[in-house]
file upload-v7.txt (compact mmCIF, C-alpha atoms)
# COMPACT_ATOMS: atom_id res chain seq x y z
CA MET A 1 156.03 105.61 136.76
CA ALA A 2 152.76 106.63 138.46
CA ASN A 3 151.98 109.02 135.61
CA ALA A 4 152.74 106.58 132.80
CA LEU A 5 149.86 105.03 130.86
CA PRO A 6 150.01 101.77 128.89
CA ALA A 7 149.57 101.66 125.12
CA THR A 8 145.79 101.35 125.53
CA GLY A 9 145.69 104.88 126.93
CA LEU A 10 143.86 103.61 130.04
CA ASN A 11 145.20 103.02 133.52
CA SER A 12 144.65 99.71 135.35
CA LEU A 13 141.25 100.91 136.62
CA GLY A 14 140.09 101.83 133.13
CA PHE A 15 140.46 105.62 133.17
CA ALA A 16 142.17 107.70 130.51
CA LYS A 17 144.40 109.57 132.94
CA PRO A 18 147.42 108.84 135.09
CA PRO A 19 146.90 106.93 138.36
CA ALA A 20 148.03 109.97 140.36
CA GLU A 21 145.06 111.92 138.95
CA THR A 22 142.60 109.07 139.63
CA ARG A 23 140.95 109.05 143.04
CA VAL A 24 139.67 105.70 144.30
CA VAL A 25 137.80 105.05 147.54
CA VAL A 26 138.63 101.60 148.92
CA ALA A 27 136.04 99.96 151.19
CA MET A 28 138.25 98.55 153.95
CA SER A 29 136.88 95.92 156.34
CA GLY A 30 140.19 95.46 158.13
CA GLY A 31 140.74 92.05 156.55
CA VAL A 32 143.58 90.98 154.30
CA ASP A 33 141.61 91.25 151.03
CA SER A 34 140.57 94.90 151.15
CA SER A 35 143.90 95.82 152.78
CA VAL A 36 145.77 94.36 149.80
CA VAL A 37 143.50 96.24 147.37
CA ALA A 38 144.25 99.55 149.10
CA ALA A 39 147.99 98.88 149.37
CA GLN A 40 148.29 97.71 145.77
CA LEU A 41 146.45 100.72 144.36
CA LYS A 42 148.55 103.05 146.51
CA ARG A 43 151.71 101.31 145.26
CA GLU A 44 150.51 101.83 141.68
CA GLY A 45 150.30 105.56 142.36
CA TYR A 46 146.55 106.09 142.72
CA ASP A 47 145.01 108.76 144.94
CA VAL A 48 143.65 106.28 147.50
CA VAL A 49 141.14 107.09 150.25
CA GLY A 50 140.33 104.27 152.68
CA VAL A 51 136.90 104.10 154.31
CA THR A 52 135.82 101.66 157.02
CA LEU A 53 132.25 101.33 158.22
CA GLN A 54 131.35 100.79 161.86
CA LEU A 55 128.22 98.73 161.36
CA TYR A 56 127.17 97.55 164.79
CA ASP A 57 127.92 97.85 168.49
CA HIS A 58 131.24 96.05 168.58
CA GLY A 59 131.43 95.56 172.34
CA ALA A 60 130.60 91.88 172.08
CA ALA A 61 132.43 91.40 168.82
CA LEU A 62 135.72 92.48 170.35
CA GLN A 63 135.75 89.16 172.17
CA LYS A 64 135.25 87.16 168.99
CA LYS A 65 137.62 86.25 166.20
CA GLY A 66 136.48 86.24 162.61
CA ALA A 67 134.10 89.20 162.61
CA CYS A 68 134.40 92.16 160.27
CA CYS A 69 133.67 95.83 160.90
CA ALA A 70 134.42 95.56 164.62
CA GLY A 71 136.94 97.32 166.85
CA GLN A 72 140.05 95.30 166.00
CA ASP A 73 139.22 95.48 162.30
CA ILE A 74 138.89 99.26 162.37
CA TYR A 75 142.30 99.44 164.02
CA ASP A 76 143.80 97.07 161.43
CA ALA A 77 142.42 99.12 158.52
CA SER A 78 143.78 102.33 160.06
CA ARG A 79 147.17 100.71 160.52
CA VAL A 80 147.34 99.69 156.84
CA ALA A 81 146.49 103.25 155.79
CA GLU A 82 149.18 104.61 158.11
CA VAL A 83 151.85 102.22 156.80
CA MET A 84 150.98 102.83 153.13
CA GLY A 85 150.49 106.58 153.55
CA PHE A 86 146.91 107.36 152.51
CA PRO A 87 143.99 108.96 154.39
CA HIS A 88 141.52 106.69 156.19
CA TYR A 89 138.07 107.49 157.57
CA VAL A 90 135.73 105.56 159.86
CA LEU A 91 132.04 106.20 159.22
CA ASP A 92 129.35 105.36 161.78
CA TYR A 93 126.70 103.48 159.79
CA GLU A 94 125.31 101.65 162.82
CA ASN A 95 121.75 102.99 162.54
CA ARG A 96 121.59 102.43 158.79
CA PHE A 97 122.91 98.91 159.19
CA ARG A 98 120.36 98.03 161.83
CA GLU A 99 117.46 99.47 159.83
CA SER A 100 118.56 98.07 156.45
CA VAL A 101 120.04 94.72 157.43
CA ILE A 102 119.69 93.51 161.03
CA ASP A 103 115.97 94.22 161.47
CA GLU A 104 115.06 92.45 158.23
CA PHE A 105 117.31 89.54 159.16
CA ALA A 106 115.44 89.07 162.44
CA ASP A 107 111.99 89.45 160.88
CA SER A 108 112.81 87.09 158.00
CA TYR A 109 114.11 84.45 160.36
CA LEU A 110 111.01 84.71 162.51
CA ALA A 111 108.90 84.32 159.35
CA GLY A 112 110.53 80.96 158.68
CA ALA A 113 113.00 82.15 156.03
CA THR A 114 116.76 81.64 155.86
CA PRO A 115 118.04 85.15 155.10
CA ILE A 116 121.46 86.19 153.76
CA PRO A 117 122.27 89.50 155.46
CA CYS A 118 125.61 89.80 153.63
CA VAL A 119 123.74 90.33 150.35
CA ARG A 120 121.50 93.00 151.89
CA CYS A 121 124.57 94.70 153.38
CA ASN A 122 126.21 94.91 149.95
CA GLU A 123 122.95 96.05 148.35
CA ARG A 124 121.72 98.58 150.89
CA VAL A 125 124.82 99.79 152.72
CA LYS A 126 128.11 99.24 150.90
CA PHE A 127 126.95 99.63 147.30
CA ARG A 128 124.32 102.28 148.04
CA ASP A 129 125.23 104.51 150.98
CA LEU A 130 129.01 104.03 150.90
CA LEU A 131 129.08 104.33 147.12
CA GLU A 132 127.26 107.65 147.40
CA THR A 133 129.83 108.77 149.97
CA ALA A 134 132.60 107.86 147.52
CA ARG A 135 130.97 110.08 144.89
CA GLU A 136 130.78 112.91 147.43
CA LEU A 137 134.54 112.50 147.96
CA ASP A 138 134.98 113.11 144.19
CA ALA A 139 136.28 109.58 143.68
CA ASP A 140 136.43 108.24 140.13
CA CYS A 141 135.48 104.77 141.39
CA MET A 142 135.16 102.59 144.47
CA ALA A 143 137.21 99.41 144.90
CA THR A 144 136.48 96.45 147.18
CA GLY A 145 138.21 93.20 148.14
CA HIS A 146 135.46 90.97 146.74
CA TYR A 147 136.47 88.00 144.61
CA VAL A 148 134.54 88.72 141.43
CA GLN A 149 135.58 90.10 138.06
CA ARG A 150 134.34 93.10 136.11
CA PHE A 151 134.89 93.30 132.38
CA GLU A 152 134.02 95.98 129.87
CA GLY A 153 131.71 94.29 127.39
CA ALA A 154 130.49 95.53 124.03
CA GLN A 155 127.34 96.91 125.70
CA GLY A 156 128.78 98.03 129.02
CA PRO A 157 130.41 96.56 132.13
CA GLU A 158 129.73 92.91 132.94
CA LEU A 159 129.98 90.98 136.23
CA HIS A 160 131.83 87.65 136.07
CA ARG A 161 132.79 84.96 138.54
CA ALA A 162 136.24 85.09 140.11
CA ALA A 163 139.15 83.25 138.53
CA ASP A 164 139.37 81.10 141.68
CA PRO A 165 136.10 79.11 141.94
CA GLY A 166 136.79 78.40 145.60
CA ARG A 167 136.87 82.12 146.45
CA ASP A 168 134.15 83.34 144.08
CA GLN A 169 131.72 85.72 145.83
CA SER A 170 129.37 86.45 142.92
CA TYR A 171 126.47 84.75 144.76
CA PHE A 172 126.58 87.56 147.33
CA LEU A 173 126.76 90.36 144.73
CA PHE A 174 123.82 89.48 142.47
CA THR A 175 121.91 92.63 143.51
CA THR A 176 124.62 94.89 142.05
CA THR A 177 122.94 97.15 139.50
CA PRO A 178 124.42 98.13 136.10
CA GLU A 179 124.88 101.70 137.37
CA GLN A 180 126.77 100.50 140.45
CA LEU A 181 128.85 98.11 138.35
CA SER A 182 130.02 100.98 136.18
CA TYR A 183 131.47 102.65 139.30
CA LEU A 184 132.87 99.60 141.12
CA ARG A 185 136.22 97.87 140.71
CA PHE A 186 137.31 94.45 142.03
CA PRO A 187 141.11 94.24 141.77
CA LEU A 188 141.44 90.73 143.31
CA GLY A 189 139.01 88.88 141.04
CA HIS A 190 141.70 87.68 138.64
CA LEU A 191 143.91 86.05 141.30
CA LYS A 192 144.14 82.27 141.14
CA SER A 193 144.19 81.68 144.92
CA LYS A 194 143.99 83.30 148.33
CA ALA A 195 147.66 82.42 148.76
CA GLU A 196 148.47 85.06 146.13
CA THR A 197 146.58 87.68 148.16
CA ARG A 198 148.46 86.81 151.35
CA ALA A 199 151.76 86.87 149.46
CA LEU A 200 150.98 90.40 148.28
CA ALA A 201 150.11 91.43 151.84
CA ALA A 202 153.47 90.09 153.03
CA GLU A 203 155.23 91.88 150.16
CA PHE A 204 153.60 95.17 151.21
CA GLY A 205 154.61 94.54 154.83
CA LEU A 206 151.02 94.48 156.12
CA THR A 207 150.40 93.12 159.62
CA VAL A 208 147.14 91.52 158.39
CA ALA A 209 148.98 89.16 156.01
CA ASP A 210 148.19 86.14 158.21
CA LYS A 211 144.90 87.39 159.62
CA PRO A 212 142.21 84.66 159.54
CA ASP A 213 139.26 85.06 157.19
CA SER A 214 135.92 86.02 158.72
CA GLN A 215 133.64 82.98 158.91
CA ASP A 216 130.42 84.15 160.54
CA ILE A 217 127.84 86.79 159.81
CA CYS A 218 129.53 89.82 161.38
CA PHE A 219 126.85 90.57 163.97
CA VAL A 220 126.15 86.91 164.87
CA PRO A 221 128.86 85.66 167.27
CA GLU A 222 129.82 82.02 166.75
CA GLY A 223 126.87 81.40 164.44
CA GLY A 224 124.38 81.84 167.32
CA TYR A 225 121.46 83.13 165.21
CA ALA A 226 118.81 82.26 167.77
CA ASP A 227 120.57 84.11 170.59
CA VAL A 228 120.84 87.29 168.51
CA ILE A 229 117.21 87.13 167.37
CA ALA A 230 116.00 86.46 170.92
CA LYS A 231 117.71 89.72 171.97
CA LEU A 232 116.33 91.67 169.01
CA ARG A 233 112.82 90.26 169.27
CA PRO A 234 112.05 89.34 172.91
CA GLY A 235 109.41 86.64 173.17
CA ALA A 236 110.13 85.32 169.68
CA ALA A 237 111.15 81.85 170.83
CA GLU A 238 107.61 80.57 171.32
CA PRO A 239 107.33 76.78 171.67
CA GLY A 240 105.29 74.63 169.31
CA GLU A 241 105.00 71.23 167.71
CA ILE A 242 107.21 69.16 165.44
CA VAL A 243 104.89 67.59 162.89
CA HIS A 244 105.50 64.96 160.22
CA LEU A 245 104.35 65.66 156.66
CA ASP A 246 101.74 62.92 157.13
CA GLY A 247 100.22 64.81 160.07
CA ARG A 248 101.75 62.87 162.96
CA ARG A 249 102.82 64.95 165.94
CA LEU A 250 106.32 63.85 166.85
CA GLY A 251 107.36 66.23 169.59
CA ARG A 252 107.78 69.79 170.81
CA HIS A 253 110.25 72.54 170.00
CA ASP A 254 111.41 75.71 171.78
CA GLY A 255 110.86 78.07 168.86
CA VAL A 256 110.79 77.92 165.05
CA LEU A 257 113.80 80.26 164.95
CA HIS A 258 116.03 77.39 166.12
CA TYR A 259 115.50 75.45 162.86
CA THR A 260 116.36 75.76 159.18
CA VAL A 261 115.11 73.92 156.09
CA GLY A 262 117.27 70.86 155.42
CA GLN A 263 118.33 70.44 159.06
CA ARG A 264 118.61 66.87 160.33
CA ARG A 265 120.55 67.02 163.59
CA GLY A 266 119.21 68.38 166.83
CA LEU A 267 115.52 67.73 166.18
CA GLY A 268 115.14 65.84 169.46
CA ILE A 269 112.51 63.39 168.20
CA GLY A 270 114.32 60.11 168.79
CA GLY A 271 115.30 57.30 166.43
CA GLY A 272 113.47 55.70 163.53
CA GLU A 273 113.73 56.90 159.95
CA PRO A 274 116.06 59.85 159.27
CA LEU A 275 113.93 63.00 159.20
CA TYR A 276 114.74 66.48 157.93
CA VAL A 277 113.15 69.89 158.37
CA VAL A 278 111.08 70.30 155.21
CA LYS A 279 109.15 73.47 156.04
CA LEU A 280 108.72 76.04 158.80
CA ASP A 281 105.26 77.41 159.60
CA PRO A 282 105.80 80.30 162.04
CA ASP A 283 102.09 81.24 162.10
CA ALA A 284 101.14 77.77 163.36
CA ARG A 285 104.44 77.55 165.30
CA GLN A 286 105.14 74.24 163.56
CA VAL A 287 108.36 72.63 162.40
CA ILE A 288 107.38 70.23 159.63
CA VAL A 289 109.67 67.25 159.01
CA GLY A 290 109.82 64.45 156.47
CA PRO A 291 112.14 62.06 154.60
CA ARG A 292 115.07 63.40 152.60
CA GLU A 293 113.26 62.99 149.27
CA ALA A 294 110.68 65.53 150.46
CA LEU A 295 113.41 68.21 150.31
CA ALA A 296 113.87 67.79 146.55
CA ILE A 297 112.09 70.41 144.45
CA ARG A 298 112.09 71.32 140.77
CA GLU A 299 110.34 74.70 140.69
CA ILE A 300 111.29 77.83 142.63
CA PRO A 301 109.35 81.12 142.77
CA VAL A 302 111.73 84.08 142.68
CA ARG A 303 111.06 87.80 143.20
CA GLU A 304 112.94 91.13 143.48
CA ILE A 305 115.02 90.08 140.48
CA ASN A 306 118.00 92.22 139.58
CA TRP A 307 118.77 91.68 135.89
CA LEU A 308 122.21 92.29 134.40
CA GLY A 309 121.50 91.03 130.90
CA HIS A 310 121.41 93.43 127.94
CA VAL A 311 118.12 92.09 126.54
CA PRO A 312 115.14 93.05 128.79
CA PHE A 313 114.35 90.28 131.26
CA GLU A 314 110.75 89.83 130.15
CA GLN A 315 111.79 89.36 126.52
CA ALA A 316 112.75 85.76 127.21
CA PRO A 317 112.85 83.33 124.29
CA GLU A 318 110.05 80.80 123.96
CA GLY A 319 110.57 78.19 126.65
CA GLY A 320 112.30 80.67 128.99
CA TRP A 321 115.88 81.72 129.53
CA GLU A 322 118.27 78.77 129.55
CA MET A 323 120.81 79.46 132.28
CA LEU A 324 122.74 78.05 135.17
CA VAL A 325 121.49 78.94 138.66
CA LYS A 326 122.87 78.73 142.18
CA VAL A 327 120.45 78.26 145.07
CA ARG A 328 123.12 78.01 147.79
CA SER A 329 126.45 79.82 147.89
CA ALA A 330 128.52 76.65 148.35
CA ARG A 331 126.82 74.65 145.59
CA PRO A 332 127.85 74.65 141.94
CA PRO A 333 125.48 76.25 139.40
CA ARG A 334 122.88 73.88 137.90
CA PRO A 335 121.04 74.02 134.55
CA ALA A 336 117.62 75.68 134.69
CA ARG A 337 114.98 77.47 132.65
CA ILE A 338 113.83 80.83 133.92
CA HIS A 339 110.28 81.84 133.02
CA PRO A 340 109.55 85.55 133.69
CA THR A 341 106.18 86.18 135.36
CA GLY A 342 106.62 89.96 135.63
CA PRO A 343 109.27 92.68 135.43
CA ASP A 344 111.11 91.32 138.48
CA THR A 345 109.49 87.95 139.21
CA ALA A 346 109.99 84.51 137.70
CA ARG A 347 109.36 80.81 137.98
CA VAL A 348 112.68 78.95 137.94
CA GLU A 349 112.47 75.41 136.59
CA LEU A 350 115.43 73.27 137.66
CA LEU A 351 116.35 70.58 135.14
CA SER A 352 117.29 68.30 138.05
CA ALA A 353 115.80 68.50 141.53
CA GLU A 354 117.68 70.33 144.31
CA GLU A 355 117.45 69.67 148.05
CA GLY A 356 117.25 72.18 150.87
CA VAL A 357 116.01 75.15 148.83
CA ALA A 358 114.72 77.61 151.42
CA PRO A 359 112.74 80.86 151.30
CA GLY A 360 115.02 83.80 151.99
CA GLN A 361 117.93 82.32 150.04
CA ALA A 362 119.09 83.75 146.73
CA CYS A 363 118.72 82.20 143.30
CA VAL A 364 121.57 83.62 141.20
CA PHE A 365 121.62 83.45 137.39
CA TYR A 366 124.72 82.64 135.33
CA ALA A 367 125.26 82.44 131.57
CA PRO A 368 125.17 78.82 130.33
CA GLU A 369 128.69 79.27 128.94
CA GLY A 370 131.52 81.22 130.48
CA ASN A 371 131.43 82.94 133.87
CA ARG A 372 129.10 85.89 133.41
CA VAL A 373 126.64 86.73 136.19
CA LEU A 374 123.24 87.74 134.79
CA GLY A 375 121.54 88.70 138.05
CA GLY A 376 119.28 86.84 140.41
CA GLY A 377 116.43 87.15 142.87
CA TRP A 378 115.10 86.04 146.23
CA ILE A 379 113.41 82.67 146.77
CA HIS A 380 109.98 82.90 148.40
CA ARG A 381 107.15 80.55 149.20
CA GLY A 382 104.95 81.51 146.27
call {"tool": "encode", "arguments": {"input": "upload-v7.txt", "output": "structure tokens"}}
result
Amino acid sequence: MANALPATGLNSLGFAKPPAETRVVVAMSGGVDSSVVAAQLKREGYDVVGVTLQLYDHGAALQKKGACCAGQDIYDASRVAEVMGFPHYVLDYENRFRESVIDEFADSYLAGATPIPCVRCNERVKFRDLLETARELDADCMATGHYVQRFEGAQGPELHRAADPGRDQSYFLFTTTPEQLSYLRFPLGHLKSKAETRALAAEFGLTVADKPDSQDICFVPEGGYADVIAKLRPGAAEPGEIVHLDGRRLGRHDGVLHYTVGQRRGLGIGGGEPLYVVKLDPDARQVIVGPREALAIREIPVREINWLGHVPFEQAPEGGWEMLVKVRSARPPRPARIHPTGPDTARVELLSAEEGVAPGQACVFYAPEGNRVLGGGWIHRG
């Protein structure tokens, strides 16, 4: 039935031709999600081409569970392609990844920010360079294992949150442009749980059916950010002072890079009132601490905004755009007003204060009703 089309005249990927005549490049990390996407599309009769990116020197990563794009994962992706019977290529993107993702990660961290390299990887590597490679392979589209949904709206494709709120990855895909969205497909976004994905993997006979999910940033073993940055930027861990908001000097630290906004544990400044990292000042080499209420903020400056709405971003109604926003991936969206200050900058006014908002994090915009993603930008100090 690979050549049969439903009554709509479109195949499951939205093309007016049989699956066998539709080429799709699947970005395969070696995990269960992208493996299921590739296997399912192959089972449906599509002309599938699997591509896996080698993104970093995986010598150290081979000793670590839960990393993507490393040696074991490349083997696992190749094995899926072999079992399901489609071609699979490994592309060396190590230099691009370092220049586009790792270097900025290190510099942002040293500047006192809390970067999200996974977003930059999607933006600058997977959805830019790899997408271009897919076009060069004459693919009609590129599919990934991300848990988001893509719908054809009245004015073009729209990005929506996944059906399973616990698996939704829209926070990490806010930089996806309308042009990229027209080419991308996300076949897992409608599934109600990860258990459904693993059941499909077992049904297809894939050895990755029970493979654990990756937990860490792929190039940061065991969450050891400081160790990685110390290797990338020798001499970066310069000591300095821990200072209270009121000016009191409370102690010393071994480098600003060891701290993040909102951190309470591991400050090494003894008992007394509970204190949290409120701000990092890398120029003065200071970690600034204060009470929990000092973490709560109502206004956030945002830049590098990627807008997915159909009305131009700057044509906001009087009083700003009323939306929901996420300032951390694990937090639910909160009501806010977004006031454009330029083509890709804005002042985000939270209707209720949020704690632990840090420069370098993303502020992602959602429609006030439904699940549509309307874009987002990067939080900065202003």
call {"tool": "residues_around", "arguments": {"input": "upload-v7.txt", "residues": "segment 230-235 of chain A", "least_positions_apart": "3", "cutoff": "9 Å", "atoms": "only C-alpha atoms", "output": "MDAnalysis selection string"}}
result
chainID A and resid 102:103 106:107 110 225:227 238 257
call {"tool": "write_last_selection", "arguments": {"input": "upload-v7.txt", "atoms": "C-alpha atoms", "output": "mmCIF file, in the coordinates of the input"}}
result
data_model
loop_
_atom_site.group_PDB
_atom_site.id
_atom_site.type_symbol
_atom_site.label_atom_id
_atom_site.label_comp_id
_atom_site.auth_asym_id
_atom_site.auth_seq_id
_atom_site.Cartn_x
_atom_site.Cartn_y
_atom_site.Cartn_z
ATOM 1 C CA ILE A 102 119.690 93.510 161.030
ATOM 2 C CA ASP A 103 115.970 94.220 161.470
ATOM 3 C CA ALA A 106 115.440 89.070 162.440
ATOM 4 C CA ASP A 107 111.990 89.450 160.880
ATOM 5 C CA LEU A 110 111.010 84.710 162.510
ATOM 6 C CA TYR A 225 121.460 83.130 165.210
ATOM 7 C CA ALA A 226 118.810 82.260 167.770
ATOM 8 C CA ASP A 227 120.570 84.110 170.590
ATOM 9 C CA GLU A 238 107.610 80.570 171.320
ATOM 10 C CA LEU A 257 113.800 80.260 164.950
#
call {"tool": "atom_distance", "arguments": {"input": "upload-v7.txt", "atom1": "atom CA of Gly71 of chain A", "atom2": "atom CA of Leu131 of chain A"}}
result
22.4 Å
call {"tool": "residues_around", "arguments": {"input": "upload-v7.txt", "residues": "Thr176 of chain A", "least_positions_apart": "2", "cutoff": "12 Å", "atoms": "only C-alpha atoms", "output": "ChimeraX atom specification"}}
result
/A:119-128,131,148,150,157-160,170-174,178-184,305-308,364,373-377
call {"tool": "atom_distance", "arguments": {"input": "upload-v7.txt", "atom1": "atom CA of Pro117 of chain A", "atom2": "atom CA of Glu104 of chain A"}}
result
8.3 Å
call {"tool": "atom_distance", "arguments": {"input": "upload-v7.txt", "atom1": "atom CA of Ile297 of chain A", "atom2": "atom CA of Pro333 of chain A"}}
result
15.5 Å
call {"tool": "residues_around", "arguments": {"input": "upload-v7.txt", "residues": "Thr22 of chain A", "least_positions_apart": "6", "cutoff": "12 Å", "atoms": "only C-alpha atoms", "output": "MDAnalysis selection string"}}
result
chainID A and resid 2:3 10:16 41:42 44:49 138:142
call {"tool": "axis_aligned_box", "arguments": {"input": "upload-v7.txt", "around": "segment 313-328 of chain A", "padding_each_side": "3 Å", "output": "AutoDock Vina command-line options"}}
result
--center_x 116.6 --center_y 84.1 --center_z 135.9 --size_x 19.1 --size_y 18.3 --size_z 29.8
call {"tool": "closest_residue", "arguments": {"input": "upload-v7.txt", "among": "A:Glu241, A:Asp210, A:Asp164, A:Asp129", "to": "Ser100 of chain A", "atoms": "all atoms listed in the file"}}
result
A:Asp129
call {"tool": "residues_around", "arguments": {"input": "upload-v7.txt", "residues": "Gln169 of chain A", "least_positions_apart": "5", "cutoff": "8 Å", "atoms": "only C-alpha atoms", "output": "ChimeraX atom specification"}}
result
/A:146-148,161-162
call {"tool": "residues_around", "arguments": {"input": "upload-v7.txt", "residues": "Arg337 of chain A", "least_positions_apart": "5", "cutoff": "12 Å", "atoms": "all atoms listed in the file", "output": "list in words"}}
result
Arg298, Glu299, Ile300, Ala316, Pro317, Glu318, Gly319, Gly320, Trp321, Glu322, Met323, Leu324, Val325, Ala346, Arg347, Val348, Glu349, Leu350, Leu351, Ser352, Phe365, Tyr366, Ala367 and Pro368 of chain A
call {"tool": "closest_residue", "arguments": {"input": "upload-v7.txt", "among": "A:Arg303, A:Lys211, A:Leu188, A:Pro239", "to": "Arg285 of chain A", "atoms": "only C-alpha atoms"}}
result
A:Pro239
call {"tool": "closest_residue", "arguments": {"input": "upload-v7.txt", "among": "A:Ser214, A:Thr345, A:Thr177, A:Thr8", "to": "Ser29 of chain A", "atoms": "only C-alpha atoms"}}
result
A:Ser214
call {"tool": "closest_residue", "arguments": {"input": "upload-v7.txt", "among": "A:Gln361, A:Val26, A:Val51, A:Leu200", "to": "Gly145 of chain A", "atoms": "all atoms listed in the file"}}
result
A:Val26
call {"tool": "closest_residue", "arguments": {"input": "upload-v7.txt", "among": "A:Val289, A:Val277, A:Ala20, A:Ala336", "to": "Leu250 of chain A", "atoms": "all atoms listed in the file"}}
result
A:Val289
